[in-house]
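S.K.: As input, take input39.tsv (TSV, C-alpha atoms and all ligand atoms):
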```
chain	number	residue	atom	x	y	z
F	26	MET	CA	-14.70	13.01	-52.64
F	27	LYS	CA	-14.68	14.03	-49.00
F	28	THR	CA	-15.00	10.42	-47.86
F	29	LEU	CA	-12.21	9.43	-50.20
F	30	ILE	CA	-9.92	12.05	-48.66
F	31	GLU	CA	-10.98	10.92	-45.20
F	32	LEU	CA	-10.19	7.35	-46.12
F	33	VAL	CA	-6.76	8.30	-47.45
F	34	VAL	CA	-6.03	10.32	-44.30
F	35	LEU	CA	-7.22	7.47	-42.08
F	36	PHE	CA	-5.07	5.04	-44.03
F	37	LEU	CA	-2.03	7.29	-43.69
F	38	VAL	CA	-2.58	7.80	-39.97
F	39	VAL	CA	-3.09	4.10	-39.33
F	40	PHE	CA	-0.26	3.07	-41.60
F	41	SER	CA	2.28	5.54	-40.27
F	42	ALA	CA	1.29	4.73	-36.69
F	43	GLN	CA	1.90	1.08	-37.42
F	44	ALA	CA	5.34	1.77	-38.84
F	45	GLU	CA	6.11	4.05	-35.91
F	46	SER	CA	5.59	2.37	-32.60
F	47	LEU	CA	3.70	-0.57	-31.15
F	48	TYR	CA	2.61	1.72	-28.31
F	49	ILE	CA	0.71	4.01	-30.70
F	50	ASP	CA	-0.54	1.01	-32.64
F	51	GLN	CA	-2.07	-0.45	-29.48
F	52	LEU	CA	-4.15	2.69	-28.86
F	53	ARG	CA	-6.16	2.39	-32.05
F	54	ASP	CA	-8.92	0.06	-30.94
F	55	PHE	CA	-9.38	1.60	-27.53
F	56	SER	CA	-12.85	2.31	-26.20
F	57	PRO	CA	-13.32	3.36	-22.56
F	58	ASP	CA	-15.23	1.33	-20.01
F	59	LYS	CA	-17.76	3.36	-17.97
F	60	LYS	CA	-16.45	2.30	-14.58
F	61	GLU	CA	-12.84	2.97	-15.56
F	62	LEU	CA	-13.81	6.36	-16.93
F	63	LYS	CA	-15.42	7.29	-13.63
F	64	GLN	CA	-12.23	6.28	-11.79
F	65	ALA	CA	-10.05	8.25	-14.17
F	66	LEU	CA	-12.23	11.32	-13.73
F	67	LYS	CA	-11.86	11.05	-9.98
F	68	GLN	CA	-8.07	10.73	-10.41
F	69	LEU	CA	-7.93	13.84	-12.55
F	70	GLU	CA	-10.07	15.83	-10.16
F	71	GLU	CA	-7.66	14.93	-7.38
F	72	HIS	CA	-4.57	15.35	-9.53
F	73	GLU	CA	-2.04	17.88	-8.33
F	74	ALA	CA	0.86	18.99	-10.45
F	75	VAL	CA	4.25	18.31	-8.90
F	76	VAL	CA	6.15	21.45	-8.04
F	77	LEU	CA	9.85	20.96	-7.57
F	78	LYS	CA	11.43	22.95	-4.79
F	79	LYS	CA	14.02	25.35	-6.09
F	80	GLY	CA	16.92	26.80	-4.18
F	81	VAL	CA	16.86	24.25	-1.39
F	82	PHE	CA	19.89	25.07	0.76
F	83	VAL	CA	20.96	21.49	1.47
F	84	GLY	CA	21.01	19.46	-1.71
F	85	SER	CA	19.67	15.93	-1.73
F	86	PHE	CA	22.03	13.54	-0.01
F	87	HIS	CA	22.25	10.88	-2.71
F	88	LYS	CA	22.20	13.17	-5.66
F	89	GLN	CA	24.79	15.89	-5.59
F	90	LYS	CA	24.51	16.74	-9.24
F	91	PRO	CA	21.28	16.98	-11.20
F	92	ASP	CA	20.75	14.27	-13.85
F	93	LYS	CA	22.21	15.18	-17.16
F	94	ALA	CA	19.36	15.92	-19.53
F	95	THR	CA	19.15	13.75	-22.62
F	96	ASP	CA	18.54	15.30	-26.05
F	97	LYS	CA	15.32	13.34	-26.39
F	98	LYS	CA	12.63	13.21	-23.75
F	99	ALA	CA	10.21	10.33	-23.21
F	100	PHE	CA	6.61	11.01	-24.25
F	101	CYS	CA	5.53	9.96	-20.73
F	102	THR	CA	7.37	12.94	-19.23
F	103	THR	CA	5.02	15.30	-21.06
F	104	CYS	CA	2.77	14.74	-18.04
F	105	HIS	CA	4.89	12.87	-15.49
F	106	SER	CA	7.66	14.56	-13.60
F	107	LEU	CA	11.19	13.29	-13.57
F	108	PRO	CA	11.90	11.44	-11.35
F	109	PRO	CA	8.48	9.82	-11.88
F	110	HIS	CA	7.91	7.76	-8.72
F	111	ARG	CA	6.56	9.21	-5.51
F	112	GLN	CA	3.92	6.92	-4.08
F	113	ASN	CA	5.81	3.90	-2.90
F	114	GLU	CA	8.11	5.34	-0.27
F	115	ARG	CA	9.98	2.08	0.13
F	116	LYS	CA	10.89	1.51	-3.46
F	117	ARG	CA	10.75	4.86	-5.09
F	118	SER	CA	14.45	5.75	-4.84
F	119	PHE	CA	15.31	2.46	-6.54
F	120	LEU	CA	12.63	2.88	-9.19
F	121	ASN	CA	13.75	6.43	-9.88
F	122	MET	CA	17.38	5.33	-10.08
F	123	HIS	CA	16.39	2.70	-12.68
F	124	SER	CA	14.48	5.28	-14.72
F	125	ARG	CA	17.84	6.77	-15.64
F	126	TYR	CA	18.93	3.69	-17.57
F	127	ILE	CA	15.67	1.82	-18.18
F	128	SER	CA	12.89	3.37	-20.26
F	129	CYS	CA	9.40	3.71	-18.74
F	130	GLU	CA	7.99	1.24	-21.28
F	131	THR	CA	10.37	-1.55	-20.22
F	132	CYS	CA	8.59	-1.72	-16.86
F	133	HIS	CA	5.17	-0.37	-17.81
F	134	PHE	CA	4.27	-1.41	-21.37
F	135	ARG	CA	2.55	-4.80	-21.55
F	136	PRO	CA	0.59	-5.51	-24.76
F	137	GLU	CA	-1.46	-8.70	-24.76
F	138	ASN	CA	-0.06	-11.76	-26.53
F	139	ILE	CA	2.92	-9.95	-28.00
F	140	SER	CA	6.45	-10.73	-27.01
F	141	LEU	CA	8.95	-7.93	-26.95
F	142	GLU	CA	12.68	-7.81	-27.21
F	143	TYR	CA	14.77	-5.55	-24.96
F	144	ARG	CA	17.74	-3.62	-26.29
F	145	TRP	CA	19.62	-0.39	-25.61
F	146	LEU	CA	18.10	2.74	-27.15
F	147	ASN	CA	20.02	6.01	-27.43
F	148	PHE	CA	18.13	9.00	-25.96
F	149	ASN	CA	20.67	11.44	-27.42
F	150	ASP	CA	20.63	12.67	-31.03
F	151	ALA	CA	22.79	10.70	-33.43
F	152	ALA	CA	24.95	13.81	-33.93
F	153	ASN	CA	25.76	14.03	-30.22
F	154	GLY	CA	29.14	12.41	-29.56
F	155	GLU	CA	27.94	11.07	-26.21
F	156	GLU	CA	25.34	8.31	-25.94
F	157	ALA	CA	22.57	8.17	-23.33
F	158	LYS	CA	21.47	4.57	-23.55
F	159	ARG	CA	18.42	3.10	-21.87
F	160	ILE	CA	17.02	-0.41	-22.02
F	161	ALA	CA	13.82	-0.28	-24.08
F	162	PRO	CA	11.33	-2.70	-25.63
F	163	PHE	CA	11.52	-3.36	-29.38
F	164	TYR	CA	8.94	-4.98	-31.59
F	165	ALA	CA	9.61	-6.17	-35.14
F	166	GLY	CA	12.94	-4.33	-35.12
F	167	GLN	CA	11.32	-1.03	-34.15
F	168	PHE	CA	11.58	0.58	-30.70
F	169	VAL	CA	8.35	0.99	-28.75
F	170	PRO	CA	9.04	4.23	-26.81
F	171	VAL	CA	7.68	7.41	-28.29
F	172	PHE	CA	9.73	10.58	-27.89
F	173	ALA	CA	8.29	13.93	-26.79
F	174	ASP	CA	9.23	15.58	-30.09
F	175	ASP	CA	7.35	13.01	-32.21
F	176	GLU	CA	4.27	14.30	-34.05
F	177	PHE	CA	2.02	12.04	-31.97
F	178	SER	CA	3.36	13.47	-28.69
F	179	LYS	CA	3.14	17.08	-29.82
F	180	GLN	CA	-0.46	16.63	-30.90
F	181	THR	CA	-1.35	14.82	-27.68
F	182	ALA	CA	0.26	17.49	-25.50
F	183	GLN	CA	-1.52	20.25	-27.41
F	184	SER	CA	-4.97	18.72	-27.24
F	185	TRP	CA	-4.50	17.79	-23.55
F	186	GLU	CA	-4.00	21.49	-22.73
F	187	ASN	CA	-7.38	22.44	-24.15
F	188	MET	CA	-9.47	19.56	-22.86
F	189	SER	CA	-12.27	19.43	-20.32
F	190	LEU	CA	-11.74	17.15	-17.31
F	191	LEU	CA	-13.97	14.48	-18.83
F	192	GLU	CA	-12.10	14.53	-22.14
F	193	LYS	CA	-8.82	14.34	-20.25
F	194	SER	CA	-10.08	11.31	-18.33
F	195	GLU	CA	-10.90	9.54	-21.56
F	196	LEU	CA	-7.54	10.38	-23.10
F	197	LYS	CA	-5.76	9.36	-19.90
F	198	LEU	CA	-7.42	5.95	-20.08
F	199	LYS	CA	-6.59	5.56	-23.73
F	200	LEU	CA	-2.92	6.48	-23.27
F	201	HIS	CA	-2.66	4.03	-20.38
F	202	SER	CA	-4.60	1.15	-21.93
F	203	SER	CA	-1.41	-0.85	-22.48
F	204	ILE	CA	0.40	0.56	-19.42
F	205	ASN	CA	0.48	-1.59	-16.31
F	206	LYS	CA	0.16	0.23	-13.01
F	207	GLU	CA	2.19	-2.23	-10.98
F	208	GLY	CA	5.33	-1.75	-13.04
F	209	THR	CA	7.70	-4.71	-12.93
F	210	LYS	CA	8.77	-6.60	-9.83
F	211	CYS	CA	12.44	-6.41	-8.83
F	212	LEU	CA	12.95	-10.15	-9.30
F	213	ALA	CA	11.66	-10.08	-12.89
F	214	CYS	CA	15.13	-8.73	-13.69
F	215	HIS	CA	17.13	-9.71	-10.61
F	216	ASP	CA	16.78	-13.47	-10.54
F	217	ASN	CA	18.19	-16.33	-12.56
F	218	LYS	CA	14.78	-17.80	-13.40
F	219	LYS	CA	12.51	-16.66	-16.25
F	220	GLN	CA	14.06	-13.30	-16.91
F	221	LEU	CA	12.47	-10.32	-18.62
F	222	LEU	CA	15.82	-9.09	-19.90
F	223	ASP	CA	18.47	-11.06	-21.75
F	224	LEU	CA	21.37	-9.54	-19.82
F	225	LYS	CA	23.96	-11.31	-21.96
F	226	ALA	CA	22.54	-9.96	-25.22
F	227	LEU	CA	22.46	-6.51	-23.58
F	228	GLY	CA	26.23	-6.78	-23.14
F	229	PHE	CA	26.59	-7.58	-19.44
F	230	ASP	CA	29.47	-9.94	-18.73
F	231	LYS	CA	29.19	-13.17	-16.73
F	232	LYS	CA	30.33	-11.62	-13.46
F	233	GLU	CA	27.93	-8.70	-13.74
F	234	ILE	CA	25.05	-11.06	-14.55
F	235	VAL	CA	25.71	-13.17	-11.46
F	236	LYS	CA	25.91	-10.01	-9.35
F	237	LEU	CA	22.62	-8.61	-10.70
F	238	GLN	CA	20.79	-11.92	-10.40
F	239	LYS	CA	21.91	-12.58	-6.84
F	240	HIS	CA	21.88	-9.02	-5.58
F	241	ALA	CA	20.82	-8.73	-1.93
F	242	ILE	CA	18.80	-5.53	-2.33
F	243	PRO	CA	16.15	-6.69	-4.83
F	244	ARG	CA	15.93	-9.95	-2.86
F	245	PHE	CA	15.37	-7.99	0.32
F	246	PHE	CA	12.55	-6.01	-1.33
F	247	SER	CA	10.91	-9.10	-2.76
F	248	ARG	CA	10.21	-10.37	0.77
F	249	PHE	CA	8.01	-7.41	1.54
F	250	ASN	CA	4.72	-7.65	-0.24
F	251	LYS	CA	2.40	-6.07	2.24
F	252	GLU	CA	2.44	-2.31	2.67
F	253	ASP	CA	2.40	-2.53	6.45
F	254	GLN	CA	5.07	-5.21	6.73
F	255	ARG	CA	8.01	-3.88	8.72
F	256	LEU	CA	11.42	-3.67	7.11
F	257	ARG	CA	14.25	-5.02	9.21
F	258	MET	CA	17.82	-4.35	8.24
F	259	SER	CA	18.83	-7.81	9.49
F	260	ASP	CA	16.74	-9.23	6.62
F	261	LEU	CA	19.38	-7.91	4.28
F	262	LEU	CA	21.67	-10.66	5.55
F	263	ARG	CA	19.23	-13.52	5.02
P	301	LIG	C1	-1.26	13.35	-21.41
P	301	LIG	C2	-0.74	13.12	-20.08
P	301	LIG	C3	-0.09	11.79	-19.74
P	301	LIG	C4	0.84	11.09	-20.49
P	301	LIG	C5	1.43	11.47	-21.84
P	301	LIG	C6	1.17	9.90	-19.73
P	301	LIG	N1	0.48	9.91	-18.54
P	301	LIG	FE1	0.58	8.47	-17.09
P	301	LIG	N2	-0.87	9.45	-16.02
P	301	LIG	C7	-1.43	10.67	-16.35
P	301	LIG	C8	-2.40	11.05	-15.33
P	301	LIG	C9	-3.21	12.32	-15.30
P	301	LIG	C10	-2.42	9.99	-14.37
P	301	LIG	C11	-3.29	9.88	-13.12
P	301	LIG	C12	-2.51	9.93	-11.87
P	301	LIG	C13	-2.01	11.31	-11.53
P	301	LIG	O1	-2.81	12.14	-11.14
P	301	LIG	O2	-0.80	11.53	-11.67
P	301	LIG	C14	-1.43	9.00	-14.84
P	301	LIG	C15	-1.13	7.82	-14.17
P	301	LIG	C16	-0.13	6.92	-14.53
P	301	LIG	C17	0.23	5.72	-13.78
P	301	LIG	C18	-0.41	5.24	-12.48
P	301	LIG	C19	-1.50	4.25	-12.76
P	301	LIG	C20	-2.72	4.82	-13.42
P	301	LIG	O3	-3.05	4.40	-14.55
P	301	LIG	O4	-3.36	5.72	-12.88
P	301	LIG	C21	1.27	5.11	-14.47
P	301	LIG	C22	1.98	3.83	-14.10
P	301	LIG	C23	1.55	5.95	-15.64
P	301	LIG	N3	0.69	7.03	-15.64
P	301	LIG	C24	2.55	5.68	-16.55
P	301	LIG	C25	2.71	6.37	-17.76
P	301	LIG	C26	3.66	5.99	-18.81
P	301	LIG	C27	4.61	4.82	-18.73
P	301	LIG	C28	3.50	6.89	-19.82
P	301	LIG	C29	4.20	6.91	-21.17
P	301	LIG	C30	4.00	5.74	-22.03
P	301	LIG	C31	2.48	7.85	-19.41
P	301	LIG	N4	2.03	7.50	-18.17
P	301	LIG	C32	2.06	8.93	-20.17
P	301	LIG	C33	-1.15	11.42	-17.48
P	301	LIG	C34	-0.30	11.04	-18.51
P	302	LIG	C1	12.51	-0.50	-13.12
P	302	LIG	C2	11.13	-0.44	-13.49
P	302	LIG	C3	10.44	0.87	-13.69
P	302	LIG	C4	10.78	1.90	-14.54
P	302	LIG	C5	12.00	2.02	-15.45
P	302	LIG	C6	9.72	2.89	-14.46
P	302	LIG	N1	8.77	2.46	-13.55
P	302	LIG	FE1	7.10	3.47	-12.98
P	302	LIG	N2	6.66	2.02	-11.58
P	302	LIG	C7	7.38	0.85	-11.42
P	302	LIG	C8	6.79	0.08	-10.33
P	302	LIG	C9	7.29	-1.27	-9.80
P	302	LIG	C10	5.68	0.83	-9.87
P	302	LIG	C11	4.73	0.47	-8.74
P	302	LIG	C12	5.27	0.96	-7.44
P	302	LIG	C13	4.39	0.51	-6.29
P	302	LIG	O1	4.56	-0.63	-5.86
P	302	LIG	O2	3.57	1.30	-5.85
P	302	LIG	C14	5.64	2.06	-10.68
P	302	LIG	C15	4.70	3.08	-10.51
P	302	LIG	C16	4.60	4.20	-11.33
P	302	LIG	C17	3.62	5.26	-11.17
P	302	LIG	C18	2.56	5.31	-10.08
P	302	LIG	C19	2.67	6.49	-9.16
P	302	LIG	C20	3.93	6.70	-8.34
P	302	LIG	O3	4.15	7.86	-7.96
P	302	LIG	O4	4.70	5.78	-8.04
P	302	LIG	C21	3.83	6.17	-12.20
P	302	LIG	C22	3.07	7.44	-12.47
P	302	LIG	C23	4.98	5.69	-12.97
P	302	LIG	N3	5.43	4.49	-12.41
P	302	LIG	C24	5.49	6.32	-14.09
P	302	LIG	C25	6.72	5.99	-14.70
P	302	LIG	C26	7.35	6.77	-15.75
P	302	LIG	C27	6.76	8.03	-16.37
P	302	LIG	C28	8.53	6.17	-16.03
P	302	LIG	C29	9.62	6.62	-17.00
P	302	LIG	C30	10.10	7.99	-16.87
P	302	LIG	C31	8.64	4.99	-15.18
P	302	LIG	N4	7.51	4.92	-14.38
P	302	LIG	C32	9.70	4.08	-15.16
P	302	LIG	C33	8.50	0.45	-12.15
P	302	LIG	C34	9.17	1.24	-13.07
P	303	LIG	C1	13.37	-4.07	-15.96
P	303	LIG	C2	14.43	-4.73	-15.21
P	303	LIG	C3	14.73	-4.31	-13.80
P	303	LIG	C4	13.84	-4.18	-12.75
P	303	LIG	C5	12.34	-4.38	-12.76
P	303	LIG	C6	14.65	-3.85	-11.60
P	303	LIG	N1	15.96	-3.76	-11.94
P	303	LIG	FE1	17.51	-3.29	-10.70
P	303	LIG	N2	18.78	-3.27	-12.30
P	303	LIG	C7	18.47	-3.65	-13.59
P	303	LIG	C8	19.65	-3.57	-14.42
P	303	LIG	C9	19.72	-3.90	-15.92
P	303	LIG	C10	20.69	-3.11	-13.60
P	303	LIG	C11	22.15	-2.83	-13.99
P	303	LIG	C12	22.32	-1.48	-14.58
P	303	LIG	C13	23.76	-1.23	-15.00
P	303	LIG	O1	24.66	-1.64	-14.30
P	303	LIG	O2	23.91	-0.60	-16.06
P	303	LIG	C14	20.10	-2.94	-12.25
P	303	LIG	C15	20.83	-2.52	-11.15
P	303	LIG	C16	20.34	-2.54	-9.84
P	303	LIG	C17	21.12	-2.25	-8.66
P	303	LIG	C18	22.59	-1.89	-8.64
P	303	LIG	C19	23.37	-3.13	-8.64
P	303	LIG	C20	24.87	-2.88	-8.43
P	303	LIG	O3	25.37	-3.28	-7.39
P	303	LIG	O4	25.48	-2.30	-9.33
P	303	LIG	C21	20.29	-2.39	-7.58
P	303	LIG	C22	20.65	-2.23	-6.10
P	303	LIG	C23	18.97	-2.74	-8.08
P	303	LIG	N3	19.04	-2.81	-9.45
P	303	LIG	C24	17.87	-2.95	-7.28
P	303	LIG	C25	16.58	-3.12	-7.78
P	303	LIG	C26	15.36	-3.12	-6.98
P	303	LIG	C27	15.31	-2.96	-5.45
P	303	LIG	C28	14.30	-3.29	-7.83
P	303	LIG	C29	12.82	-3.30	-7.52
P	303	LIG	C30	12.30	-2.14	-6.77
P	303	LIG	C31	14.87	-3.43	-9.17
P	303	LIG	N4	16.24	-3.32	-9.09
P	303	LIG	C32	14.12	-3.63	-10.33
P	303	LIG	C33	17.24	-4.06	-14.03
P	303	LIG	C34	16.07	-4.05	-13.28
```
As structure tokens, what does this structure read like?
M.R.:
Amino acid sequence: MKTLIELVVLFLVVFSAQAESLYIDQLRDFSPDKKELKQALKQLEEHEAVVLKKGVFVGSFHKQKPDKATDKKAFCTTCHSLPPHRQNERKRSFLNMHSRYISCETCHFRPENISLEYRWLNFNDAANGEEAKRIAPFYAGQFVPVFADDEFSKQTAQSWENMSLLEKSELKLKLHSSINKEGTKCLACHDNKKQLLDLKALGFDKKEIVKLQKHAIPRFFSRFNKEDQRLRMSDLLR
């Protein structure tokens, strides 16, 4: 009897996960690799929570008003701060700017041998008169991003709180098994060759598409691949 119940529960979990999101679906067959686990443990030992400065007298130059919060939060922001990018000092302002209209998964979710479609996804509740749309991956008509108030996210957040460092390392690896660290290169979206996004289907008009695909700033960034390469403003004009 017990095994039967377990089977039914397993079936329900697997089945509902499948109907829910490709991201959750991809986590099912995960088993950690020893070397990766060691690396993740080291990361977690060194991990420091981000503390945002409050009451800074001079507000940030580019951002006079704080971002409007959306009704729904991305699952990723359970652990990652918003804005999420800190490490790459050159690109982080641009990456953080994009995070306001492009979901994390658009740049970071890469399942093997599965092609995704990219569409706008509303991060506000249906009842809210105002929309907060972000470009997100879809698979088989279903959006991939998981929201923080989904059952999966709540359970993950709760168990994370009570885990040992080793358990956290394993869960960290599992949650990131289909997440690519490098994100997506600027030119994957800002070029007129082999594009990740179908800008036309997303509703951009001809003029906007030409502007985005020929934009000087992503082109400028694409010339700098090495960390120690010097940036020269004159390169903007090339
Ligand atoms: C339960 C907590 C948790 C959740 C949820 C989570 N992350 Fe992470 N993530 C971490 C930790 C811990 C690290 C290690 C680096 C650090 O110390 O910040 C990390 C690192 C990363 C990195 C850097 C590369 C790497 O693997 O170390 C990327 C990129 C990333 N996360 C993206 C995401 C995205 C996208 C999502 C949502 C789909 C997500 N994360 C959800 C905890 C989490
Ligand atoms: C426009 C694409 C894009 C979007 C949207 C995006 N990222 Fe990234 N992300 C990148 C790229 C590119 C990198 C690698 C930067 C580098 O070269 O070091 C990166 C790196 C990271 C890292 C590594 C550590 C760091 O401080 O930079 C984390 C963590 C991360 N992203 C989390 C997220 C989360 C969480 C979201 C959603 C809230 C998100 N990203 C949205 C492109 C993106
Ligand atoms: C996943 C696709 C994607 C990636 C990767 C991406 N962008 Fe964008 N970017 C967009 C889209 C879509 C817009 C237009 C948003 C809108 O107007 O609603 C945009 C807008 C911009 C704009 C504003 C253009 C204008 O004049 O209005 C700049 C500048 C820009 N991106 C630079 C960058 C840089 C630099 C990188 C790499 C660090 C990058 N982008 C990576 C999709 C992307």
S.K.: Select, from F:Ser189, F:Asn138, F:Asn250, F:Ser118, the residue with the minimum atom-to-atom distance to Glu70 in chain F, counting all atoms listed in the file.
M.R.: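 Checking each of F:Ser189, F:Asn138, F:Asn250, F:Ser118 against Glu70 in chain F, counting all atoms listed in the file, the winner is F:Ser189.
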S.K.: For a quick check of understanding, using all atoms listed in the file, which of F:Ser259, F:Thr103, F:Gln254, F:Gln51 has the smallest distance to Gln180 in chain F?
M.R.: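 Ranking F:Ser259, F:Thr103, F:Gln254, F:Gln51 by distance to Gln180 in chain F, first place goes to F:Thr103.
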S.K.: Counting only C-alpha atoms and all ligand atoms, what are the residues, protein, DNA or RNA alike, that approach ligand LIG 303 (chain P) to within 7 Å? I want them as a PyMOL selection string.
M.R.: chain F and resi 116+119-120+123+126-127+131-132+209-215+221-222+237+240+242-243+246
S.K.: Which protein, DNA or RNA residues have an atom within 7 Å of ligand LIG 302 (chain P), counting all atoms listed in the file, as a list in words?
M.R.: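 So, counting all atoms listed in the file, the residues near ligand LIG 302 (chain P) are Ala99, Cys101, Thr102, His105, Leu107, Pro108, Pro109, His110, Arg111, Gln112, Asn113, Lys116, Arg117, Leu120, His123, Ser124, Ile127, Ser128, Cys129, Glu130, Thr131, Cys132, His133, Lys206, Glu207, Gly208, Thr209 and Lys210 of chain F.
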S.K.: Looking at all atoms listed in the file, which of F:Asn217, F:Ser140, F:Gln167, F:Ser106 is the one that sits closest to ligand LIG 301 (chain P)?
M.R.: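 Under the stated criterion, the closest residue is F:Ser106.
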S.K.: Neighbouring residues of Lys179 in chain F were defined as those with any atom within 10 Å, considering only C-alpha atoms; residues of the same chain fewer than 6 positions away were excluded. Please report them as a short mmCIF file (atom, residue, chain, number, x, y, z; two decimals) with C-alpha atoms, in the coordinates of the input.
M.R.:
```
data_model
loop_
_atom_site.label_atom_id
_atom_site.label_comp_id
_atom_site.auth_asym_id
_atom_site.auth_seq_id
_atom_site.Cartn_x
_atom_site.Cartn_y
_atom_site.Cartn_z
CA PHE F 100 6.61 11.01 -24.25
CA THR F 103 5.02 15.30 -21.06
CA PHE F 172 9.73 10.58 -27.89
CA ALA F 173 8.29 13.93 -26.79
CA TRP F 185 -4.50 17.79 -23.55
#
```
S.K.: Find the residues around Pro162 in chain F up to 8 Å (all atoms listed in the file counted), leave out those fewer than 2 positions away in its own chain, and share them as a list in words.
M.R.: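 The residues satisfying every condition are Glu130, Thr131, Leu141, Glu142, Tyr143, Arg144, Ile160, Tyr164, Phe168, Val169 and Pro170 of chain F.
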S.K.: Can you list, as an MDAnalysis selection string, every protein, DNA or RNA residue that comes within 10 Å of range 190-193 of chain F when you count all atoms listed in the file, leaving out same-chain residues fewer than 6 positions away?
M.R.: chainID F and resid 62:63 65:67 69:70 184 199
S.K.: With 6 Å of padding per side, what axis-aligned box (centre and edge lengths, Å, one decimal) covers all the listed atoms of ligand LIG 301 (chain P)? Give it as lines of an AutoDock Vina configuration file.
M.R.:
```
center_x = 0.6
center_y = 8.6
center_z = -16.6
size_x = 20.0
size_y = 21.5
size_z = 22.9
```
S.K.: Using only C-alpha atoms and all ligand atoms, pick whichever of F:Ala151, F:Ala182, F:Met258, F:Ala94 has the shortest atom-to-atom distance to ligand LIG 301 (chain P).
M.R.: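 The shortest atom-to-atom distance to ligand LIG 301 (chain P) comes from F:Ala182.
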S.K.: Using Å and a single decimal, report how far CA of Lys158 in chain F sits from atom C20 of ligand LIG 301 (chain P).
M.R.: 26.2 Å
S.K.: Which of these, F:Lys60, F:Lys197, F:Arg53, F:Lys236, has the shortest distance to ligand LIG 301 (chain P) once you count only C-alpha atoms and all ligand atoms?
M.R.: F:Lys197
